[in-house]
Amino acid sequence: MHYLVGGGVLDDPVVYSPQSLVLKTLVLARVLREYFSERLKGFTDRLVFHGHDWHSIPTLLSLNSLLYDSELSAPLILHFHLATKNRVELTDLCRHAELCENTVIRGDHGAREFKYYYDAGGGILERIAGYTIDKVLTVSRGFSKTMARYIGLHAAGKVDYVFNASPFNWGYVVEVVSSRGVKNPEDPLERARFRRTLLTNLIGGIEVSFLDEESKRRVSDILNHYSVVYNRVFSDDGPLVFSIGRLSRQKGFDYILRALDKLTLINPRIKLILSINPLGYQDDSLKEWIEAVLTYPRNLRVLPGVLSRENTVLLYYASNTVLIPSRSEPFGLVALESMASGTPVVAARTGGLIDIVVDIERDPLNGVGLFFNVGDVYGLAEATGRLIELVEPKGENVERVRRLRMNCIKRAGEFNWRASAEKTKSIYREFIDLT
């Protein structure tokens with residue numbers, strides 16, 4: 001059963017508005033405490049509270065207090081998909097979520113007034129949670145080490161991971177590309193022909209959507225100012241590099257921007273398509289990218305919004321490689337989706353990407369991509385140039401390309417929701433009997 005909570009600030013149409021997001025999480029915490037204060041009366045069944053990301057921390061802290069007041073016990077589990085270092089004022093926690101100085105909650109040092117744990121965590125939600133949550137999960141092995149260091153080594157024993165997964169799979173990819181006339185999706189030569197069709201024709205029909213009308217208006221104003229048609233077809237074919245994600249500093253798109261000269265020098269025929277979802281405070285960054293489109297009209301297109309799933313699959317499938325330049329990456333869903341589409345990746349050596357991507361240099365038989373060091377613009381360009389050549393089907397290279405792409409599909413299949421569910425159940429069993 002699912003509940004939707006609305007009203008007041010929760011109805012702000014800009015979901016991740018920097019001006020209202022913290023307040024939304026505090027109001028939601030207060031609402032859920034009120035709900036569970038009634039729901040838990042006479043409750044005798046097994047219970048687990050499992051929250052996701054920093055947005056759920058105020059709620060978990062409120063439930064911690066409620067369980068103490070009700071003389072009940074239930075495990076509190078916090079699942080991180082991203083580290084954000086959010087500091088919230090104690091006065092705001094008290095005013096909006098009823099987490100005040102003298103509110104009593106349980107933690108590593110016993111039942112204490114909330115101010116004790118607030119001060120211990122320096123007012124930073126993730127660090128307060130390190131003292132007051134029973135289990136901290138992340139979405140990859142690599143990211144679990146990062147979070148253990150961040151929330152405090154005193155909590156390292158609480159930290160574990162459950163790998164993410166994706167609904168993308170090769171069967172779905174085949175269904176999508178077959179609907180566009182691809183007869184033999186595994187054939188590298190047919191992929192190359194489809195790439196040409198996408199670059200010189202189909203991209204003209206790819207449109208983006210937006211999370212809200214304000215974002216749509218801002219993007220439209222920027223495109224009109226520069227007289228840019230974002231989905232203009234290319235005049236010719238060339239090896240395709242695709243990159244997708246939020247236009248945030250974490251995603252590292254600025255590294256690609258700085259590498260454009262080098263990338264086009266390595267391979268003048270290279271085509272880069274970036275699907276970037278511009279956040280409300282990233283207008284200047286989007287302008288830089290639109291100016292880059294004008295500077296590299298034969299090589300670059302920027303799709304400034306949200307792609308449909310079908311169009312995302314078409315771009316993954318048509319690409320020689322998918323480029324992931326992130327400064328940090330808790331899991332690396334883009335890498336998984338790319339590989340599920342049979343497309344190898346060039347990835348920054350960070351976080352969950354280290355768990356997902358098998359480097360061709362270290363394991364040529366099972367490799368699915370190449371790494372470069374975070375922030376190394378020259379390394380990014382070199383690795384991208386090498387991989388697009390490896391994946392270009394020509395002469396005796398066709399069979400090797402086919403094997404590489406099949407490696408990707410096989411590797412992606414190792415990360416699935418069944419395995420994630422089993423790992424989650426094993427963690428629940430640490431606290432309750434599931435039989």
# chains A, B, ... in the order shown; residues from 1 in each chain; ligands from 1

call {"tool": "residues_around", "arguments": {"residues": "range 262-269 of chain A", "least_positions_apart": "5", "cutoff": "8 Å", "atoms": "only C-alpha atoms", "output": "mmCIF file with C-alpha atoms, in the first residue's frame"}}
result
data_model
loop_
_atom_site.group_PDB
_atom_site.id
_atom_site.type_symbol
_atom_site.label_atom_id
_atom_site.label_comp_id
_atom_site.auth_asym_id
_atom_site.auth_seq_id
_atom_site.Cartn_x
_atom_site.Cartn_y
_atom_site.Cartn_z
ATOM 1 C CA ASP A 237 28.210 9.535 -39.724
ATOM 2 C CA GLY A 238 30.978 8.966 -37.187
ATOM 3 C CA PRO A 239 31.817 7.035 -34.008
ATOM 4 C CA ASN A 299 30.577 16.914 -33.523
ATOM 5 C CA TYR A 378 43.619 14.058 -20.953
ATOM 6 C CA ALA A 381 39.988 11.842 -24.002
ATOM 7 C CA GLU A 382 42.611 9.138 -24.531
ATOM 8 C CA THR A 384 37.426 7.514 -25.159
ATOM 9 C CA GLY A 385 39.496 7.664 -28.344
#

call {"tool": "closest_atom_pairs", "arguments": {"of": "range 76-95 of chain A", "to": "range 36-56 of chain A", "cutoff": "10 Å", "atoms": "only C-alpha atoms", "output": "Markdown table"}}
result
| residue | atom | partner | partner_atom | distance |
| --- | --- | --- | --- | --- |
| A:Leu76 | CA | A:Phe49 | CA | 5.0 |
| A:Ile77 | CA | A:His50 | CA | 4.6 |
| A:Leu78 | CA | A:Gly51 | CA | 5.0 |
| A:His79 | CA | A:His52 | CA | 4.6 |
| A:Phe80 | CA | A:Asp53 | CA | 4.6 |
| A:His81 | CA | A:Asp53 | CA | 5.9 |
| A:Leu82 | CA | A:Asp53 | CA | 6.7 |
| A:Ala83 | CA | A:Trp54 | CA | 7.9 |
| A:Thr84 | CA | A:Trp54 | CA | 7.5 |
| A:Lys85 | CA | A:Trp54 | CA | 8.6 |
| A:Asn86 | CA | A:Trp54 | CA | 7.6 |

call {"tool": "write_last_selection", "arguments": {"atoms": "C-alpha atoms", "output": "PDB file, in the first residue's frame"}}
result
ATOM      1  CA  LEU A  76      15.817   1.775  11.581  1.00  0.00           C
ATOM      2  CA  ILE A  77      17.633   1.325   8.265  1.00  0.00           C
ATOM      3  CA  LEU A  78      18.976   4.169   6.151  1.00  0.00           C
ATOM      4  CA  HIS A  79      19.831   3.540   2.505  1.00  0.00           C
ATOM      5  CA  PHE A  80      22.163   6.054   0.841  1.00  0.00           C
ATOM      6  CA  HIS A  81      22.122   6.603  -2.908  1.00  0.00           C
ATOM      7  CA  LEU A  82      24.083   9.854  -2.678  1.00  0.00           C
ATOM      8  CA  ALA A  83      26.129  11.746  -0.078  1.00  0.00           C
ATOM      9  CA  THR A  84      25.073  15.380   0.265  1.00  0.00           C
ATOM     10  CA  LYS A  85      26.337  16.720   3.646  1.00  0.00           C
ATOM     11  CA  ASN A  86      23.172  18.523   4.679  1.00  0.00           C
TER      12      ASN A  86
END

call {"tool": "residues_around", "arguments": {"residues": "Asp160 in chain A", "least_positions_apart": "4", "cutoff": "10 Å", "atoms": "only C-alpha atoms", "output": "PDB file with C-alpha atoms, in the first residue's frame"}}
result
ATOM      1  CA  HIS A  79      19.831   3.540   2.505  1.00  0.00           C
ATOM      2  CA  LYS A 135      21.962  -0.029   9.842  1.00  0.00           C
ATOM      3  CA  VAL A 136      23.405   2.124   7.065  1.00  0.00           C
ATOM      4  CA  LEU A 137      23.225   0.777   3.534  1.00  0.00           C
ATOM      5  CA  THR A 138      24.725   2.051   0.300  1.00  0.00           C
ATOM      6  CA  VAL A 139      24.274   0.951  -3.304  1.00  0.00           C
ATOM      7  CA  SER A 140      27.771  -0.403  -3.926  1.00  0.00           C
ATOM      8  CA  ARG A 141      30.826  -1.779  -2.180  1.00  0.00           C
ATOM      9  CA  PHE A 143      30.455   3.739  -1.968  1.00  0.00           C
ATOM     10  CA  SER A 144      30.047   1.935   1.371  1.00  0.00           C
ATOM     11  CA  LYS A 145      33.689   2.747   2.149  1.00  0.00           C
ATOM     12  CA  MET A 147      30.024   6.599   3.541  1.00  0.00           C
ATOM     13  CA  ALA A 148      31.770   4.816   6.425  1.00  0.00           C
ATOM     14  CA  ALA A 156      31.719   1.618  10.248  1.00  0.00           C
ATOM     15  CA  ILE A 427      20.017  -7.640   6.307  1.00  0.00           C
TER      16      ILE A 427
END

call {"tool": "atom_distance", "arguments": {"atom1": "CA of Gly332 in chain A", "atom2": "CA of Glu414 in chain A"}}
result
14.1 Å

call {"tool": "residues_around", "arguments": {"residues": "range 216-230 of chain A", "least_positions_apart": "3", "cutoff": "9 Å", "atoms": "only C-alpha atoms", "output": "VMD selection string"}}
result
chain A and resid 204 207 209 to 213 278 280 283 286 to 287 290 to 291 293 to 294 301 to 305

call {"tool": "write_last_selection", "arguments": {"atoms": "N, CA and C atoms", "output": "short mmCIF file (atom, residue, chain, number, x, y, z; two decimals), in the first residue's frame"}}
result
data_model
loop_
_atom_site.label_atom_id
_atom_site.label_comp_id
_atom_site.auth_asym_id
_atom_site.auth_seq_id
_atom_site.Cartn_x
_atom_site.Cartn_y
_atom_site.Cartn_z
N GLY A 204 16.58 13.85 -35.26
CA GLY A 204 15.69 14.98 -35.51
C GLY A 204 14.31 14.81 -34.90
N GLU A 207 12.75 14.22 -28.85
CA GLU A 207 12.36 15.39 -28.08
C GLU A 207 12.56 15.13 -26.59
N SER A 209 11.53 16.16 -22.45
CA SER A 209 10.47 16.68 -21.59
C SER A 209 11.10 17.29 -20.35
N PHE A 210 10.27 17.86 -19.49
CA PHE A 210 10.79 18.58 -18.33
C PHE A 210 9.98 18.22 -17.09
N LEU A 211 10.64 18.34 -15.93
CA LEU A 211 9.98 18.01 -14.68
C LEU A 211 8.93 19.06 -14.30
N ASP A 212 9.09 20.28 -14.79
CA ASP A 212 8.14 21.33 -14.45
C ASP A 212 8.17 22.40 -15.54
N GLU A 213 7.16 23.26 -15.55
CA GLU A 213 7.03 24.29 -16.58
C GLU A 213 8.13 25.34 -16.49
N PRO A 278 18.95 19.71 -16.97
CA PRO A 278 19.40 20.91 -16.27
C PRO A 278 18.57 21.20 -15.04
N GLY A 280 17.46 23.63 -11.76
CA GLY A 280 17.03 25.02 -11.77
C GLY A 280 18.13 26.04 -11.57
N ASP A 283 21.67 27.22 -14.98
CA ASP A 283 21.51 27.89 -16.27
C ASP A 283 22.84 28.26 -16.90
N LEU A 286 24.38 25.27 -18.57
CA LEU A 286 23.68 24.93 -19.81
C LEU A 286 24.09 25.89 -20.93
N LYS A 287 24.23 27.16 -20.62
CA LYS A 287 24.66 28.13 -21.63
C LYS A 287 26.04 27.76 -22.19
N ILE A 290 25.52 24.99 -24.69
CA ILE A 290 24.90 25.44 -25.93
C ILE A 290 25.93 26.21 -26.77
N GLU A 291 26.78 26.99 -26.12
CA GLU A 291 27.85 27.68 -26.85
C GLU A 291 28.83 26.67 -27.47
N VAL A 293 27.99 23.71 -28.56
CA VAL A 293 27.32 23.17 -29.74
C VAL A 293 27.59 24.07 -30.95
N LEU A 294 27.57 25.37 -30.73
CA LEU A 294 27.85 26.31 -31.81
C LEU A 294 29.31 26.25 -32.24
N ARG A 301 25.94 17.45 -30.00
CA ARG A 301 24.54 17.81 -29.77
C ARG A 301 24.26 17.67 -28.27
N VAL A 302 23.44 18.58 -27.75
CA VAL A 302 23.05 18.55 -26.35
C VAL A 302 21.53 18.48 -26.28
N LEU A 303 21.01 17.44 -25.65
CA LEU A 303 19.57 17.27 -25.46
C LEU A 303 19.24 17.73 -24.04
N PRO A 304 18.70 18.96 -23.88
CA PRO A 304 18.62 19.59 -22.55
C PRO A 304 17.31 19.30 -21.82
N GLY A 305 17.13 18.07 -21.40
CA GLY A 305 15.91 17.70 -20.68
C GLY A 305 15.88 16.21 -20.43
#

call {"tool": "select_by_dssp", "arguments": {"residues": "range 2-104 of chain A", "states": "strand (DSSP E or B)", "output": "ChimeraX atom specification"}}
result
/A:49-52,76-79,87,104

call {"tool": "residues_around", "arguments": {"residues": "Ile105 in chain A", "least_positions_apart": "5", "cutoff": "7 Å", "atoms": "only C-alpha atoms", "output": "PyMOL selection string"}}
result
chain A and resi 64-65+68+111-114

call {"tool": "closest_residue", "arguments": {"among": "A:Tyr3, A:Pro185, A:Thr321, A:Asn231", "to": "Ile203 in chain A", "atoms": "only C-alpha atoms"}}
result
A:Asn231

call {"tool": "closest_residue", "arguments": {"among": "A:Ser426, A:Gly342, A:Ile133, A:Gly122", "to": "Gly157 in chain A", "atoms": "only C-alpha atoms"}}
result
A:Ile133

call {"tool": "select_by_dssp", "arguments": {"residues": "range 4-180 of chain A", "states": "alpha helix (DSSP H)", "output": "ChimeraX atom specification"}}
result
/A:21-39,57-69,90-97,114-120,125-132,141-151,170-178

call {"tool": "atom_distance", "arguments": {"atom1": "CA of Ala192 in chain A", "atom2": "CA of Pro297 in chain A"}}
result
21.4 Å

call {"tool": "atom_distance", "arguments": {"atom1": "CA of Arg195 in chain A", "atom2": "CA of Ala347 in chain A"}}
result
21.6 Å

call {"tool": "residues_around", "arguments": {"residues": "Ile356 in chain A", "least_positions_apart": "3", "cutoff": "12 Å", "atoms": "only C-alpha atoms", "output": "ChimeraX atom specification"}}
result
/A:139-143,163-165,329-340,344-353,359,367-371,408,410-415

call {"tool": "write_last_selection", "arguments": {"atoms": "C-alpha atoms", "output": "mmCIF file, in the first residue's frame"}}
result
data_model
loop_
_atom_site.group_PDB
_atom_site.id
_atom_site.type_symbol
_atom_site.label_atom_id
_atom_site.label_comp_id
_atom_site.auth_asym_id
_atom_site.auth_seq_id
_atom_site.Cartn_x
_atom_site.Cartn_y
_atom_site.Cartn_z
ATOM 1 C CA VAL A 139 24.274 0.951 -3.304
ATOM 2 C CA SER A 140 27.771 -0.403 -3.926
ATOM 3 C CA ARG A 141 30.826 -1.779 -2.180
ATOM 4 C CA GLY A 142 32.955 1.177 -3.212
ATOM 5 C CA PHE A 143 30.455 3.739 -1.968
ATOM 6 C CA PHE A 163 23.793 -3.335 -5.187
ATOM 7 C CA ASN A 164 21.364 -1.358 -7.277
ATOM 8 C CA ALA A 165 19.845 -2.824 -10.413
ATOM 9 C CA GLU A 329 29.240 7.829 -8.326
ATOM 10 C CA PRO A 330 27.516 5.865 -5.570
ATOM 11 C CA PHE A 331 26.462 3.104 -7.968
ATOM 12 C CA GLY A 332 26.631 3.918 -11.676
ATOM 13 C CA LEU A 333 23.218 3.149 -13.119
ATOM 14 C CA VAL A 334 24.188 4.644 -16.465
ATOM 15 C CA ALA A 335 27.026 2.124 -16.760
ATOM 16 C CA LEU A 336 24.622 -0.725 -16.061
ATOM 17 C CA GLU A 337 22.061 0.506 -18.591
ATOM 18 C CA SER A 338 24.756 1.010 -21.207
ATOM 19 C CA MET A 339 26.114 -2.493 -20.732
ATOM 20 C CA ALA A 340 22.596 -3.976 -20.780
ATOM 21 C CA PRO A 344 30.977 -0.605 -23.358
ATOM 22 C CA VAL A 345 31.757 2.371 -21.134
ATOM 23 C CA VAL A 346 34.531 4.839 -20.472
ATOM 24 C CA ALA A 347 34.236 5.560 -16.765
ATOM 25 C CA ALA A 348 35.892 7.576 -14.038
ATOM 26 C CA ARG A 349 37.564 5.318 -11.490
ATOM 27 C CA THR A 350 35.281 6.075 -8.543
ATOM 28 C CA GLY A 351 32.603 4.617 -6.251
ATOM 29 C CA GLY A 352 30.294 1.967 -7.627
ATOM 30 C CA LEU A 353 31.756 2.201 -11.113
ATOM 31 C CA ASP A 359 38.549 -2.922 -17.223
ATOM 32 C CA GLY A 367 36.353 -6.501 -19.977
ATOM 33 C CA VAL A 368 33.467 -4.125 -20.609
ATOM 34 C CA GLY A 369 35.166 -0.725 -20.675
ATOM 35 C CA LEU A 370 38.087 1.497 -19.790
ATOM 36 C CA PHE A 371 38.801 3.628 -16.729
ATOM 37 C CA CYS A 408 28.652 -6.080 -21.589
ATOM 38 C CA LYS A 410 26.471 -10.658 -19.614
ATOM 39 C CA ARG A 411 28.034 -8.393 -17.001
ATOM 40 C CA ALA A 412 24.893 -6.232 -16.715
ATOM 41 C CA GLY A 413 22.838 -9.348 -16.037
ATOM 42 C CA GLU A 414 24.835 -10.005 -12.873
ATOM 43 C CA PHE A 415 23.196 -6.951 -11.259
#

call {"tool": "closest_residue", "arguments": {"among": "A:Val162, A:Ala259, A:Leu198, A:Val177", "to": "Asn416 in chain A", "atoms": "only C-alpha atoms"}}
result
A:Val162

call {"tool": "residues_around", "arguments": {"residues": "Glu392 in chain A", "least_positions_apart": "4", "cutoff": "9 Å", "atoms": "only C-alpha atoms", "output": "PDB file with N, CA and C atoms, in the first residue's frame"}}
result
ATOM      1  N   PRO A 188      27.370  -6.390 -35.160  1.00  0.00           N
ATOM      2  CA  PRO A 188      28.030  -5.079 -35.048  1.00  0.00           C
ATOM      3  C   PRO A 188      27.881  -4.214 -36.298  1.00  0.00           C
ATOM      4  N   LEU A 189      27.855  -4.844 -37.468  1.00  0.00           N
ATOM      5  CA  LEU A 189      27.719  -4.070 -38.701  1.00  0.00           C
ATOM      6  C   LEU A 189      26.323  -3.449 -38.803  1.00  0.00           C
ATOM      7  N   ALA A 192      26.198  -0.467 -36.582  1.00  0.00           N
ATOM      8  CA  ALA A 192      26.859   0.676 -37.207  1.00  0.00           C
ATOM      9  C   ALA A 192      25.944   1.347 -38.227  1.00  0.00           C
ATOM     10  N   PRO A 239      31.918   7.770 -35.264  1.00  0.00           N
ATOM     11  CA  PRO A 239      31.817   7.035 -34.008  1.00  0.00           C
ATOM     12  C   PRO A 239      31.090   7.876 -32.958  1.00  0.00           C
ATOM     13  N   ASN A 320      29.096   3.874 -29.846  1.00  0.00           N
ATOM     14  CA  ASN A 320      30.330   3.104 -29.699  1.00  0.00           C
ATOM     15  C   ASN A 320      30.666   2.927 -28.222  1.00  0.00           C
ATOM     16  N   LEU A 387      38.625   3.510 -27.026  1.00  0.00           N
ATOM     17  CA  LEU A 387      37.487   2.598 -27.001  1.00  0.00           C
ATOM     18  C   LEU A 387      36.613   2.740 -28.243  1.00  0.00           C
ATOM     19  N   ILE A 388      36.421   3.951 -28.747  1.00  0.00           N
ATOM     20  CA  ILE A 388      35.591   4.067 -29.939  1.00  0.00           C
ATOM     21  C   ILE A 388      36.239   3.362 -31.130  1.00  0.00           C
ATOM     22  N   ASN A 397      38.035  -7.059 -37.167  1.00  0.00           N
ATOM     23  CA  ASN A 397      37.646  -6.572 -35.842  1.00  0.00           C
ATOM     24  C   ASN A 397      36.191  -6.880 -35.505  1.00  0.00           C
ATOM     25  N   VAL A 398      35.387  -7.286 -36.488  1.00  0.00           N
ATOM     26  CA  VAL A 398      33.943  -7.428 -36.275  1.00  0.00           C
ATOM     27  C   VAL A 398      33.635  -8.453 -35.188  1.00  0.00           C
ATOM     28  N   VAL A 401      34.495  -7.152 -31.749  1.00  0.00           N
ATOM     29  CA  VAL A 401      33.492  -6.182 -31.306  1.00  0.00           C
ATOM     30  C   VAL A 401      32.252  -6.895 -30.795  1.00  0.00           C
TER      31      VAL A 401
END

call {"tool": "closest_residue", "arguments": {"among": "A:Leu93, A:Val377, A:Leu66, A:Leu4", "to": "Arg106 in chain A", "atoms": "only C-alpha atoms"}}
result
A:Leu66

call {"tool": "decode", "arguments": {"residues": "range 262-297 of chain A", "atoms": "N, CA and C atoms", "output": "PDB file, in the first residue's frame"}}
result
ATOM      1  N   LYS A 262      40.534  18.077 -27.382  1.00  0.00           N
ATOM      2  CA  LYS A 262      41.335  16.861 -27.479  1.00  0.00           C
ATOM      3  C   LYS A 262      40.561  15.742 -28.175  1.00  0.00           C
ATOM      4  N   LEU A 263      39.294  15.583 -27.839  1.00  0.00           N
ATOM      5  CA  LEU A 263      38.483  14.520 -28.429  1.00  0.00           C
ATOM      6  C   LEU A 263      38.348  14.699 -29.944  1.00  0.00           C
ATOM      7  N   THR A 264      38.104  15.920 -30.375  1.00  0.00           N
ATOM      8  CA  THR A 264      37.942  16.163 -31.813  1.00  0.00           C
ATOM      9  C   THR A 264      39.274  16.122 -32.551  1.00  0.00           C
ATOM     10  N   LEU A 265      40.364  16.327 -31.825  1.00  0.00           N
ATOM     11  CA  LEU A 265      41.689  16.182 -32.435  1.00  0.00           C
ATOM     12  C   LEU A 265      42.030  14.707 -32.617  1.00  0.00           C
ATOM     13  N   ILE A 266      41.713  13.890 -31.606  1.00  0.00           N
ATOM     14  CA  ILE A 266      41.977  12.454 -31.688  1.00  0.00           C
ATOM     15  C   ILE A 266      41.199  11.830 -32.836  1.00  0.00           C
ATOM     16  N   ASN A 267      39.919  12.233 -32.961  1.00  0.00           N
ATOM     17  CA  ASN A 267      39.084  11.691 -34.031  1.00  0.00           C
ATOM     18  C   ASN A 267      38.161  12.798 -34.549  1.00  0.00           C
ATOM     19  N   PRO A 268      38.512  13.450 -35.630  1.00  0.00           N
ATOM     20  CA  PRO A 268      37.696  14.575 -36.133  1.00  0.00           C
ATOM     21  C   PRO A 268      36.273  14.175 -36.505  1.00  0.00           C
ATOM     22  N   ARG A 269      36.029  12.866 -36.735  1.00  0.00           N
ATOM     23  CA  ARG A 269      34.692  12.405 -37.112  1.00  0.00           C
ATOM     24  C   ARG A 269      33.816  12.095 -35.903  1.00  0.00           C
ATOM     25  N   ILE A 270      34.333  12.212 -34.698  1.00  0.00           N
ATOM     26  CA  ILE A 270      33.604  11.827 -33.497  1.00  0.00           C
ATOM     27  C   ILE A 270      32.304  12.613 -33.353  1.00  0.00           C
ATOM     28  N   LYS A 271      31.260  11.928 -32.882  1.00  0.00           N
ATOM     29  CA  LYS A 271      29.991  12.569 -32.573  1.00  0.00           C
ATOM     30  C   LYS A 271      29.711  12.359 -31.076  1.00  0.00           C
ATOM     31  N   LEU A 272      29.359  13.428 -30.417  1.00  0.00           N
ATOM     32  CA  LEU A 272      29.012  13.358 -28.998  1.00  0.00           C
ATOM     33  C   LEU A 272      27.575  13.842 -28.823  1.00  0.00           C
ATOM     34  N   ILE A 273      26.773  13.022 -28.163  1.00  0.00           N
ATOM     35  CA  ILE A 273      25.408  13.414 -27.808  1.00  0.00           C
ATOM     36  C   ILE A 273      25.300  13.358 -26.298  1.00  0.00           C
ATOM     37  N   LEU A 274      24.952  14.481 -25.697  1.00  0.00           N
ATOM     38  CA  LEU A 274      24.788  14.562 -24.250  1.00  0.00           C
ATOM     39  C   LEU A 274      23.323  14.802 -23.920  1.00  0.00           C
ATOM     40  N   SER A 275      22.759  13.929 -23.120  1.00  0.00           N
ATOM     41  CA  SER A 275      21.417  14.136 -22.590  1.00  0.00           C
ATOM     42  C   SER A 275      21.586  14.621 -21.162  1.00  0.00           C
ATOM     43  N   ILE A 276      21.415  15.922 -20.953  1.00  0.00           N
ATOM     44  CA  ILE A 276      21.649  16.500 -19.634  1.00  0.00           C
ATOM     45  C   ILE A 276      20.368  17.128 -19.114  1.00  0.00           C
ATOM     46  N   ASN A 277      20.021  16.751 -17.902  1.00  0.00           N
ATOM     47  CA  ASN A 277      18.812  17.270 -17.276  1.00  0.00           C
ATOM     48  C   ASN A 277      19.202  18.496 -16.456  1.00  0.00           C
ATOM     49  N   PRO A 278      18.952  19.711 -16.969  1.00  0.00           N
ATOM     50  CA  PRO A 278      19.405  20.913 -16.269  1.00  0.00           C
ATOM     51  C   PRO A 278      18.568  21.198 -15.035  1.00  0.00           C
ATOM     52  N   LEU A 279      19.237  21.330 -13.889  1.00  0.00           N
ATOM     53  CA  LEU A 279      18.560  21.683 -12.659  1.00  0.00           C
ATOM     54  C   LEU A 279      18.330  23.186 -12.633  1.00  0.00           C
ATOM     55  N   GLY A 280      17.457  23.629 -11.760  1.00  0.00           N
ATOM     56  CA  GLY A 280      17.029  25.021 -11.775  1.00  0.00           C
ATOM     57  C   GLY A 280      18.127  26.038 -11.569  1.00  0.00           C
ATOM     58  N   TYR A 281      19.223  25.614 -10.941  1.00  0.00           N
ATOM     59  CA  TYR A 281      20.289  26.564 -10.640  1.00  0.00           C
ATOM     60  C   TYR A 281      21.506  26.360 -11.533  1.00  0.00           C
ATOM     61  N   GLN A 282      21.314  25.714 -12.689  1.00  0.00           N
ATOM     62  CA  GLN A 282      22.445  25.394 -13.553  1.00  0.00           C
ATOM     63  C   GLN A 282      22.344  26.072 -14.917  1.00  0.00           C
ATOM     64  N   ASP A 283      21.675  27.222 -14.975  1.00  0.00           N
ATOM     65  CA  ASP A 283      21.507  27.888 -16.266  1.00  0.00           C
ATOM     66  C   ASP A 283      22.840  28.260 -16.905  1.00  0.00           C
ATOM     67  N   ASP A 284      23.804  28.743 -16.115  1.00  0.00           N
ATOM     68  CA  ASP A 284      25.099  29.139 -16.681  1.00  0.00           C
ATOM     69  C   ASP A 284      25.812  27.950 -17.307  1.00  0.00           C
ATOM     70  N   SER A 285      25.728  26.792 -16.653  1.00  0.00           N
ATOM     71  CA  SER A 285      26.355  25.595 -17.205  1.00  0.00           C
ATOM     72  C   SER A 285      25.700  25.187 -18.516  1.00  0.00           C
ATOM     73  N   LEU A 286      24.377  25.273 -18.568  1.00  0.00           N
ATOM     74  CA  LEU A 286      23.685  24.932 -19.810  1.00  0.00           C
ATOM     75  C   LEU A 286      24.088  25.886 -20.928  1.00  0.00           C
ATOM     76  N   LYS A 287      24.226  27.161 -20.620  1.00  0.00           N
ATOM     77  CA  LYS A 287      24.663  28.129 -21.634  1.00  0.00           C
ATOM     78  C   LYS A 287      26.039  27.763 -22.192  1.00  0.00           C
ATOM     79  N   GLU A 288      26.948  27.312 -21.307  1.00  0.00           N
ATOM     80  CA  GLU A 288      28.273  26.897 -21.780  1.00  0.00           C
ATOM     81  C   GLU A 288      28.166  25.758 -22.773  1.00  0.00           C
ATOM     82  N   TRP A 289      27.260  24.820 -22.513  1.00  0.00           N
ATOM     83  CA  TRP A 289      27.112  23.682 -23.408  1.00  0.00           C
ATOM     84  C   TRP A 289      26.489  24.098 -24.737  1.00  0.00           C
ATOM     85  N   ILE A 290      25.515  24.994 -24.693  1.00  0.00           N
ATOM     86  CA  ILE A 290      24.902  25.444 -25.935  1.00  0.00           C
ATOM     87  C   ILE A 290      25.927  26.212 -26.774  1.00  0.00           C
ATOM     88  N   GLU A 291      26.779  26.991 -26.124  1.00  0.00           N
ATOM     89  CA  GLU A 291      27.854  27.676 -26.852  1.00  0.00           C
ATOM     90  C   GLU A 291      28.828  26.666 -27.465  1.00  0.00           C
ATOM     91  N   ALA A 292      29.049  25.543 -26.757  1.00  0.00           N
ATOM     92  CA  ALA A 292      29.925  24.497 -27.298  1.00  0.00           C
ATOM     93  C   ALA A 292      29.315  23.852 -28.536  1.00  0.00           C
ATOM     94  N   VAL A 293      27.988  23.708 -28.556  1.00  0.00           N
ATOM     95  CA  VAL A 293      27.318  23.169 -29.744  1.00  0.00           C
ATOM     96  C   VAL A 293      27.588  24.067 -30.946  1.00  0.00           C
ATOM     97  N   LEU A 294      27.568  25.370 -30.726  1.00  0.00           N
ATOM     98  CA  LEU A 294      27.854  26.314 -31.814  1.00  0.00           C
ATOM     99  C   LEU A 294      29.314  26.246 -32.243  1.00  0.00           C
ATOM    100  N   THR A 295      30.192  25.920 -31.301  1.00  0.00           N
ATOM    101  CA  THR A 295      31.625  25.833 -31.608  1.00  0.00           C
ATOM    102  C   THR A 295      31.963  24.536 -32.339  1.00  0.00           C
ATOM    103  N   TYR A 296      31.259  23.465 -32.028  1.00  0.00           N
ATOM    104  CA  TYR A 296      31.536  22.152 -32.629  1.00  0.00           C
ATOM    105  C   TYR A 296      30.273  21.629 -33.331  1.00  0.00           C
ATOM    106  N   PRO A 297      29.794  22.295 -34.350  1.00  0.00           N
ATOM    107  CA  PRO A 297      28.513  21.910 -34.971  1.00  0.00           C
ATOM    108  C   PRO A 297      28.544  20.540 -35.650  1.00  0.00           C
TER     109      PRO A 297
END
